[in-house]
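Accompanying notes for the structure given below.
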Amino acid sequence: MKKVSLLSMMFAAIFLCSNVFAQEFSFNFDDAQSGDKVAETYGEPWTTWSMNPGSAEDGVISNEQAGSGSNSLKLEYGNDQVVLFGGKETGSYSIEFDLYVPEGKNAYFNLLHNFNGTNSTWGAQIYFHLTNDGQNSTPAPGQGMIHAAANSAATFTCVYDEWMHIEVLVDTDNDQATFKINDEEIHTWVWSWDSFGEAQVGRKLDAMNFFPPEDAATSTYYVDNVTFTNVGGDTFPIMDVDVDEIAMDIEPDEYITTEFNITNEGTSIGDWVAWVDYGAGAGGSSQQVIHYDGDPQSGVGFTSNDPLIEVGAMFSASSYAGAVMGMDIVSMQYYAMVTENTQTIGFTGDLTFRIYEQGLYDSPGELLAEKVLPAAQIIEGDWNTVTFDTPIPLTGYDVWATVEYQQAPGGYPISMDGMTPVPYGDMYRINNGAWSSLNEGASSTYGNHNIRVTCQGSVVPGTWASMDKRAGSISAGQQETVTLSLNSIAMEIGTYNANVYIKTNDTDNPEIIIPVTMNINGVAVDENAANQYNIYPNPTMSVVKIEGDNINCVAIYNSVGQLVNVVRMDNASNEINMSQYGAGVYFFNIVNNEGNSSVQRVVVSE
C-alpha cells in the first residue's frame with residue numbers, strides 16, 4: 001500500500017476545495033538556442049551565485065538531453081545557477097523540475113532561506129550519486145542524501161541516464177517541507193530550521209541553487225521543466241492583543257498576576273517576541289561593565305574558506321536587570337587574539353562592532369548601533385575599545401553585542417576564555433548565515449567570547465514586572481495566553497510605569513505596545529511584625545525549614561526582586577534546599593491556602 005503523507009493530503013485538499021493553484025513561472029528552455037546562457041537569456045528569476053549572468057557561473061541551454069521538448073539546461077563544474085523565488089514568507093509552494101544525471105556523474109541542488117551569495121542561509125541540501133557528512137562528499141552510485149533540519153537527514157535511491165521528476169513542497173504557513181522523487185515522498189521536515197538543524201532561521205523561501213559539486217570529470221547534469229507554483233493562495237498573519245493597557249494596585253511586599261492574549265486572526269503562522277520595557281534612567285556618570293567572559297585563553301578558527309565571521313553574546317534582560325537597567329550602552333570591548341604560530345592576529349582588515357535589539361527566531365533583531373575600528377588602530381594581543389557615536393538605552397530587551405571580521409588564512413581569530421560556556425555567551429555565524437553556539441557539538445569546550453559592554457547612567461527598577469513567555473508562534477486562528485506578574489518585594493511605595501513591547505511578523509502590525517502601571521498602596525509591613533512563620537536555620541548554607549500550618553506555596557525572590565522560583569508546600573516537610581540558588585539575600589513570600597501572604601528575609605551563606 002502506498003503511504004500518503006498528511007502534508008500531501010493537505011496540498012490536495014487545498015487544490016480540490018479552493019482551486020487556488022497559481023503558477024508563478026515555468027521554463028522548458030525550448031524557446032532559446034542551444035549554447036545560450038540561461039540567466040543572460042531569461043533574466044529574473046534566473047541569476048548566478050555571484051549575481052553575474054553571462055559569466056562562467058551561468059549554465060547553458062543544450063539539446064543533448066531534452067526532457068519533454070528540444071532543450072534542457074546543462075550544468076557542468078563551475079556553473080552556479082540560482083533561481084529566485086522572491087523571499088516568500090507566507091503561503092504554500094511547489095517547486096518542480098526534471099533531473100538527468102549521466103552515467104558516472106553526480107548532481108546537487110539546495111534550497112535557500114535567504115540568498116545573498118556567500119552570505120546565504122541554507123534550508124536544504126540534496127546530493128545525487130553522492131553521500132555527504134556535512135563536510136566531505138563520497139561517491140555513491142545509485143544513492144543520494146539530503147540535509148534538511150538535520151545533518152544526513154535521509155538517504156534515497158537515484159538512477160543514471162533517466163529523467164527523474166523532483167518536487168519540493170514548502171508550506172511556510174505550517175512550517176513544513178517535503179522532498180519527493182517521481183512522486184515518492186523521501187523526507188518531510190520542519191522548514192524553519194537550517195539545513196543541518198543547527199539554528200531556527202525563519203520560514204522564508206528565497207531561492208534554489210543548482211551547483212555541480214565535485215570536479216570537471218564527475219559533475220555534469222541536466223535540468224528541464226522548472227516550475228514554481230503557489231498552491232495555497234495569498235496568506236498572512238493578523239496579530240493583535242486583547243488589552244489596551246494594564247493598571248493594577250498592589251500592596252507592599254506582594255506578588256500578583258494578570259493575563260493577556262496575543263491573537264492571530266490571519267491565515268499564516270504569526271511569530272512574536274516580547275519584553276517589558278522600563279524606560280531609560282535619569283543619566284549620570286556611573287559606569288558598569290556587563291560580560292560573561294573571563295580572561296582570554298585561546299583563539300578559535302575555521303579550517304577553510306577564510307570566512308567572514310561575526311561573534312556575539314546575548315545579554316538577557318534578566319541577566320542585567322539589577323545592574324544596568326535604564327543605563328546607556330556607551331562603549332564595547334573585544335580582545336584581538338594573536339595566533340600562536342604566526343604571532344599575528346587571526347583576522348584581516350577592520351573590526352566592526354554592533355549592538356542589536358532582540359529579534360524573532362532567537363536571533364538579533366534591529367541594528368541599533370555600529371562602529372568600525374580601522375585595521376590600523378587595532379592593538380594586537382590586547383583589548384580593543386570603540387565608543388559609539390550615540391548612546392543606546394538598555395531598557396529591557398535582550399541585547400546582542402557582536403564583532404565581525406574576516407578570518408586570515410590559517411588564522412584563529414575568535415577570542416575565547418576557555419571557561420564553562422554560558423548560554424548565549426558563545427554565539428557566532430559565518431558569512432551572515434544562521435546564528436549558532438560555538439560550543440554545541442564541539443569536541444572540546446571553547447568557553448565564552450571575550451566581549452564586554454560598558455554602560456553609563458543611572459539604574460531604574462527593572463524586576464517588578466515579568467512574563468511567563470517571551471516569544472512564540474501562533475497558528476492561524478489561534479491565540480496564546482501570556483501571564484504578566486507584578487511584584488512589590490522590597491520596593492518603595494509609589495507608582496511604577498513600563499510598557500510591554502511585542503514585535504511580530506505581521507507587516508501591518510509589526511509592533512504592539514501595552515502600557516503597564518503598578519500602584520503600590522498602603523504602608524510597608526514591618527518584616528519582624530509580619531513573621532507568622534519560623535524559618536530556620538537562618539542564615540543557612542543549604543536546607544531551610546518553614547514552621548507553620550496551612551502553607552500553600554513560597555515565592556522566592558533574590559535581592560533585586562527577581563522571581564527565582566515558586567515552591568509548592570505539602571505541609572509535611574516544608575523544606576526548601578537553597579544551595580542551588582547560590583549565596584545571597586532572598587525574600588520568601590509565603591502564601592497560605594486562603595491567599596494571604598507574609599514576606600520574610602533569608603540569608604544563604606557560602
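By convention here, the chains of the C-alpha cells are called A, B, ... in the order presented, each chain's residues are numbered starting at 1, and ligands are numbered starting at 1 in the order presented.
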Please list as a PDB file with C-alpha atoms, in the first residue's frame every residue within 9 Å of Asn151 of chain A, counting only C-alpha atoms and excluding residues in the same chain fewer than 4 positions away.
ATOM      1  CA  ASN A 132      27.915  13.797   2.404  1.00  0.00           C
ATOM      2  CA  ASP A 133      28.739  14.041   6.112  1.00  0.00           C
ATOM      3  CA  GLY A 134      28.346  17.798   6.270  1.00  0.00           C
ATOM      4  CA  ILE A 146      19.502  15.143   1.954  1.00  0.00           C
ATOM      5  CA  HIS A 147      20.467  17.533   4.737  1.00  0.00           C
ATOM      6  CA  SER A 195      19.892  22.512   6.574  1.00  0.00           C
ATOM      7  CA  PHE A 196      21.903  20.942   9.424  1.00  0.00           C
ATOM      8  CA  GLY A 197      19.327  21.627  12.154  1.00  0.00           C
ATOM      9  CA  GLU A 198      21.742  23.942  13.951  1.00  0.00           C
TER      10      GLU A 198
END
(Q) Quick check for you: according to DSSP on this backbone, which residues of segment 308-501 of chain A are classed as strand (DSSP E)? Reply as a count of residues only. (A) 101
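The closest residue to Glu245 of chain A, picked from A:Ile514, A:Leu351, A:Ile576, A:Met314 and counting only C-alpha atoms, is A:Ile514.
All residues of protein, DNA or RNA that reach within 10 Å of Met578 of chain A, judged by only C-alpha atoms and not counting those fewer than 5 positions away in the chain, are Thr540, Met541, Ser542, Val543, Val544, Ile556, Ala583, Tyr586, Val602, Val603, Val604 and Ser605 of chain A.
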Within 12 Å of Trp163 of chain A using only C-alpha atoms, minus same-chain residues under 5 positions, as an mmCIF file with N, CA and C atoms, in the first residue's frame:
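Output (selection-v3.cif):
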data_model
loop_
_atom_site.group_PDB
_atom_site.id
_atom_site.type_symbol
_atom_site.label_atom_id
_atom_site.label_comp_id
_atom_site.auth_asym_id
_atom_site.auth_seq_id
_atom_site.Cartn_x
_atom_site.Cartn_y
_atom_site.Cartn_z
ATOM 1 N N GLN A 65 20.333 16.492 -23.966
ATOM 2 C CA GLN A 65 19.400 15.658 -23.220
ATOM 3 C C GLN A 65 18.128 16.460 -22.996
ATOM 4 N N ALA A 66 17.177 16.325 -23.886
ATOM 5 C CA ALA A 66 15.929 17.075 -23.784
ATOM 6 C C ALA A 66 14.936 16.295 -22.933
ATOM 7 N N GLY A 67 14.233 17.002 -22.048
ATOM 8 C CA GLY A 67 13.251 16.346 -21.202
ATOM 9 C C GLY A 67 11.956 16.102 -21.929
ATOM 10 N N SER A 68 11.144 17.152 -22.083
ATOM 11 C CA SER A 68 9.860 16.995 -22.766
ATOM 12 C C SER A 68 9.817 17.787 -24.062
ATOM 13 N N SER A 72 17.251 21.486 -22.807
ATOM 14 C CA SER A 72 17.293 21.452 -21.340
ATOM 15 C C SER A 72 18.444 22.347 -20.896
ATOM 16 N N PHE A 97 10.965 20.183 -11.023
ATOM 17 C CA PHE A 97 11.833 20.151 -12.195
ATOM 18 C C PHE A 97 12.203 18.703 -12.486
ATOM 19 N N ASP A 98 12.697 18.465 -13.688
ATOM 20 C CA ASP A 98 13.191 17.145 -14.074
ATOM 21 C C ASP A 98 14.713 17.174 -14.060
ATOM 22 N N LEU A 99 15.322 16.060 -13.617
ATOM 23 C CA LEU A 99 16.770 15.985 -13.434
ATOM 24 C C LEU A 99 17.307 14.739 -14.125
ATOM 25 N N TYR A 100 18.392 14.920 -14.893
ATOM 26 C CA TYR A 100 19.030 13.818 -15.626
ATOM 27 C C TYR A 100 20.517 13.812 -15.287
ATOM 28 N N VAL A 101 20.994 12.669 -14.764
ATOM 29 C CA VAL A 101 22.408 12.537 -14.402
ATOM 30 C C VAL A 101 23.031 11.442 -15.267
ATOM 31 N N PRO A 102 24.001 11.761 -16.131
ATOM 32 C CA PRO A 102 24.640 10.744 -16.967
ATOM 33 C C PRO A 102 25.430 9.730 -16.124
ATOM 34 N N CYS A 158 18.602 6.802 -6.436
ATOM 35 C CA CYS A 158 18.501 7.600 -7.648
ATOM 36 C C CYS A 158 19.120 6.814 -8.813
ATOM 37 N N ILE A 181 10.787 12.315 -5.104
ATOM 38 C CA ILE A 181 11.356 11.898 -6.389
ATOM 39 C C ILE A 181 10.342 10.990 -7.065
ATOM 40 N N ASN A 182 9.957 11.344 -8.292
ATOM 41 C CA ASN A 182 8.971 10.562 -9.053
ATOM 42 C C ASN A 182 7.730 10.293 -8.212
ATOM 43 N N TYR A 221 25.183 17.497 -15.065
ATOM 44 C CA TYR A 221 23.797 17.022 -15.073
ATOM 45 C C TYR A 221 22.928 18.005 -15.852
ATOM 46 N N TYR A 222 21.668 17.607 -16.077
ATOM 47 C CA TYR A 222 20.740 18.396 -16.891
ATOM 48 C C TYR A 222 19.459 18.632 -16.100
ATOM 49 N N VAL A 223 18.839 19.795 -16.342
ATOM 50 C CA VAL A 223 17.601 20.173 -15.670
ATOM 51 C C VAL A 223 16.613 20.655 -16.723
ATOM 52 N N ASP A 224 15.344 20.269 -16.553
ATOM 53 C CA ASP A 224 14.313 20.701 -17.505
ATOM 54 C C ASP A 224 13.004 20.928 -16.750
ATOM 55 N N ASN A 225 12.102 21.678 -17.394
ATOM 56 C CA ASN A 225 10.737 21.877 -16.902
ATOM 57 C C ASN A 225 10.716 22.403 -15.468
#
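In terms of minimum interatomic distance to Asp194 of chain A, A:Leu112 ranks closest within A:Phe128, A:Ile256, A:Leu112, A:Glu357, counting only C-alpha atoms.
Residue nearest Asp389 of chain A, chosen from A:Ala369, A:Val567, A:Leu84, A:Val168 and counting only C-alpha atoms: A:Ala369.
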Q) Neighbours of Thr229 of chain A within 9 Å (only C-alpha atoms; same-chain residues fewer than 6 positions away dropped), as an NGL selection string? A) :A and (21-26 or 92-96)
Q: Please indicate the distance in Å from atom CA of Val243 of chain A to atom CA of Gly279 of chain A, rounded to one decimal place.
A: 20.7 Å
Q) Running DSSP on the backbone, which parts of segment 321-417 of chain A land in alpha helix (DSSP H), as a list in words? A) Ala321, Gly322, Ala323 and Val324 of chain A
Q) Which one is closest to Gln288 of chain A: A:Ser219, A:Thr131, A:Thr454, A:Thr385? Count only C-alpha atoms. A) A:Thr454
Q. Which one of A:Val500, A:Ile546, A:Met491, A:Ile535 sits closest to Pro252 of chain A if you count only C-alpha atoms?
A. A:Met491
Q.
Restricting the calculation to only C-alpha atoms: of A:Val453, A:Ala375, A:Ala401, A:Ile126, which residue gets closest to Ile355 of chain A?
A. A:Ala401
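Atom CA of Ala32 of chain A sits 26.5 Å away from atom CA of Glu103 of chain A.
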Q.
So that I can check the surroundings of Val276 of chain A, please list as a list in words every protein, DNA and RNA residue that reaches within 7 Å of it, counting only C-alpha atoms and ignoring chain neighbours fewer than 3 positions away.
A. Gly396, Ser466, Ala498, Asn499, Val500 and Tyr501 of chain A
